[in-house]
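Participant: Here it is, the structure in full.
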Amino acid sequence: MRTVIRRTAVAATAASLALLVTACGSDKPDAGKETPAGDKGARSSAPAAEALTTAELEKLLVEQADAPDYTVKADAKAAKPVVAAGSAKADKAACQPLADAIGGTIGTPAGQAVRTAVLTPKDSGKKQTPEEKALAGLNALKSPATRVLLASYEGDGASETLNTVKNSGGECSGGFSVTQDGESSKFTAVTPLTLDAAEGATAWKLTMDVDGDPVSFNVALIRQGSTVASFYTFSLGGSVEELPLKLVDAQEKKLA
């Protein structure tokens, strides 16, 4: 699982570095919706939407203009921060869907597309002394980064994917371990986060043991028709406690 974090960090670092030369707004605290997460598909009699292709998903991904509080980057030169389902093997079968959600690919989507978004530091764009600019550079690298991944599924696959991850998080609250590329990572706790978006949502904070120290990050999924948008948020500077709600809202609007 640390391999996933490193791969995602490559794209996140590229976006963070962009903050040093282009400011795109100030960072304001996210204000979220505080209702229980879940898939609303069961309450709708509408037929399942048709799966979208990768090319179609690319057009629906959140872009810079959609998220002014972030630096949004799609860098073809960066290592893709997405791995195949099952690449990171959980020690408990019930926890595998959650491990896949962290890695990126859940199940067998018909198409998927990815972006990286880094929250802009509060002081970005202000007139600064050389010392303040140096500090701003460090803050940019530590800003919460989010991998935004759109995946589309045939039939009821999107609804099933969301519910599978939701159930996986609930069953793995006591923690689990993941092995990838010969490296083992231990999650000591999985905690539900409140999120209400699109036609269904689920969100989880995961606490990982990193050389004896607890480090937290989060994973959130929302569903709109045949598409699931997942948001994996972490920081190179330590734990992340809050969901990227403004980014979730921006992506939800593009999918609606």
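Convention: chains lettered A, B, ... in structure tokens order; per-chain residue numbering from 1; ligands numbered from 1 as shown.
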Report as a PDB file with N, CA and C atoms, in the first residue's frame all protein, DNA and RNA residues lying within 7 Å of stretch 183-191 of chain A, evaluated on only C-alpha atoms, omitting residues in the same chain fewer than 4 positions from it.

Facilitator:
ATOM      1  N   MET A   1       0.818  -1.206   0.000  1.00  0.00           N
ATOM      2  CA  MET A   1       0.000   0.000   0.000  1.00  0.00           C
ATOM      3  C   MET A   1       0.853   1.259   0.000  1.00  0.00           C
ATOM      4  N   ARG A   2       2.055   1.183   0.571  1.00  0.00           N
ATOM      5  CA  ARG A   2       2.941   2.333   0.526  1.00  0.00           C
ATOM      6  C   ARG A   2       3.362   2.629  -0.913  1.00  0.00           C
ATOM      7  N   GLY A 169     -15.789  -1.030   4.682  1.00  0.00           N
ATOM      8  CA  GLY A 169     -15.352  -0.112   5.721  1.00  0.00           C
ATOM      9  C   GLY A 169     -15.958  -0.455   7.067  1.00  0.00           C
ATOM     10  N   CYS A 172     -14.327  -3.540   8.667  1.00  0.00           N
ATOM     11  CA  CYS A 172     -12.881  -3.469   8.933  1.00  0.00           C
ATOM     12  C   CYS A 172     -12.518  -2.348   9.893  1.00  0.00           C
ATOM     13  N   SER A 173     -13.467  -1.960  10.745  1.00  0.00           N
ATOM     14  CA  SER A 173     -13.227  -0.854  11.676  1.00  0.00           C
ATOM     15  C   SER A 173     -12.059  -1.124  12.621  1.00  0.00           C
ATOM     16  N   GLY A 174     -11.809  -2.403  12.915  1.00  0.00           N
ATOM     17  CA  GLY A 174     -10.721  -2.754  13.826  1.00  0.00           C
ATOM     18  C   GLY A 174      -9.348  -2.759  13.190  1.00  0.00           C
ATOM     19  N   GLY A 175      -9.308  -2.492  11.871  1.00  0.00           N
ATOM     20  CA  GLY A 175      -8.023  -2.459  11.178  1.00  0.00           C
ATOM     21  C   GLY A 175      -7.763  -3.688  10.332  1.00  0.00           C
ATOM     22  N   PHE A 176      -6.745  -3.612   9.488  1.00  0.00           N
ATOM     23  CA  PHE A 176      -6.351  -4.718   8.627  1.00  0.00           C
ATOM     24  C   PHE A 176      -4.976  -4.428   8.062  1.00  0.00           C
ATOM     25  N   SER A 177      -4.392  -5.399   7.436  1.00  0.00           N
ATOM     26  CA  SER A 177      -3.070  -5.231   6.831  1.00  0.00           C
ATOM     27  C   SER A 177      -3.158  -5.447   5.325  1.00  0.00           C
ATOM     28  N   VAL A 178      -2.253  -4.821   4.596  1.00  0.00           N
ATOM     29  CA  VAL A 178      -2.216  -4.913   3.138  1.00  0.00           C
ATOM     30  C   VAL A 178      -0.781  -5.174   2.688  1.00  0.00           C
ATOM     31  N   THR A 179      -0.633  -6.073   1.718  1.00  0.00           N
ATOM     32  CA  THR A 179       0.687  -6.364   1.163  1.00  0.00           C
ATOM     33  C   THR A 179       0.692  -6.040  -0.319  1.00  0.00           C
ATOM     34  N   TRP A 204     -14.536   7.256   4.473  1.00  0.00           N
ATOM     35  CA  TRP A 204     -13.848   6.616   5.578  1.00  0.00           C
ATOM     36  C   TRP A 204     -12.500   7.263   5.859  1.00  0.00           C
ATOM     37  N   LYS A 205     -12.196   7.416   7.133  1.00  0.00           N
ATOM     38  CA  LYS A 205     -10.854   7.830   7.552  1.00  0.00           C
ATOM     39  C   LYS A 205     -10.084   6.576   7.927  1.00  0.00           C
ATOM     40  N   LEU A 206      -8.884   6.434   7.385  1.00  0.00           N
ATOM     41  CA  LEU A 206      -8.042   5.287   7.679  1.00  0.00           C
ATOM     42  C   LEU A 206      -6.786   5.752   8.406  1.00  0.00           C
ATOM     43  N   THR A 207      -6.479   5.075   9.485  1.00  0.00           N
ATOM     44  CA  THR A 207      -5.277   5.387  10.249  1.00  0.00           C
ATOM     45  C   THR A 207      -4.254   4.299  10.002  1.00  0.00           C
ATOM     46  N   MET A 208      -3.083   4.712   9.532  1.00  0.00           N
ATOM     47  CA  MET A 208      -2.030   3.793   9.121  1.00  0.00           C
ATOM     48  C   MET A 208      -0.830   3.912  10.057  1.00  0.00           C
ATOM     49  N   ASP A 209      -0.233   2.773  10.377  1.00  0.00           N
ATOM     50  CA  ASP A 209       0.972   2.765  11.200  1.00  0.00           C
ATOM     51  C   ASP A 209       2.184   2.985  10.295  1.00  0.00           C
TER      52      ASP A 209
END

Participant: For A:Glu252, list every protein, DNA or RNA residue within 8 Å, evaluated using only C-alpha atoms, and leave out those in the same chain fewer than 4 positions away; present the list as a PyMOL selection string.

Facilitator: chain A and resi 197-198+222+224+248+256

Participant: Compile the contact shell of A:Leu162 as a PyMOL selection string: residues with an atom at most 8 Å away, counting only C-alpha atoms, same-chain residues fewer than 2 positions apart removed.

Facilitator: chain A and resi 39+158-160+164-166+200-202+221-223+228

Participant: For A:Ala67, which residue among A:Ala117, A:Leu149, A:Ala203, A:Val82 is the nearest when counting only C-alpha atoms?

Facilitator: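 Looking only at the distances to A:Ala67, the closest residue turns out to be A:Ala117.
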
Participant: Residues near A:Thr146, anyone? I mean within 10 Å using only C-alpha atoms, not counting same-chain ones fewer than 4 positions away, as a list in words.

Facilitator: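 My list of contacting residues is Thr8, Ala9, Ala11, Ala12, Tyr70, Val72, Arg115, Thr116, Ala117, Val118, Leu119, Asn218, Val219, Ser230, Phe231, Tyr232, Thr233, Phe234, Ser235, Leu243, Pro244 and Leu247 of chain A.
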
Participant: Mind giving me the straight-line distance from atom CA of A:Asp100 to atom CA of A:Gly86 in Å, one decimal?

Facilitator: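 Separating atom CA of A:Asp100 from atom CA of A:Gly86 is a distance of 6.3 Å.
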
Participant: Separation of atom CA of A:Ser168 and atom CA of A:Thr227, in Å?

Facilitator: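 Computed distance, atom CA of A:Ser168 to atom CA of A:Thr227, equals 19.4 Å.
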
Participant: When you count only C-alpha atoms, which of these residues is closest to A:Thr194: A:Leu245, A:Val210, A:Val215, A:Ala55?

Facilitator: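 Closest residue, counting only C-alpha atoms: A:Leu245.
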
Participant: Considering only C-alpha atoms, state which residue in the set A:Leu195, A:Val62, A:Ile106, A:Val83 is at the smallest distance from A:Asp181.

Facilitator: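 Result for the nearest residue to A:Asp181: A:Val83.
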
Participant: Per DSSP on the backbone, what are the helix (DSSP H, G or I) residues of stretch 37-245 of chain A, as a VMD selection string?

Facilitator: chain A and resid 41 to 43 54 to 60 64 to 66 93 to 103 130 to 142 157 to 171 245
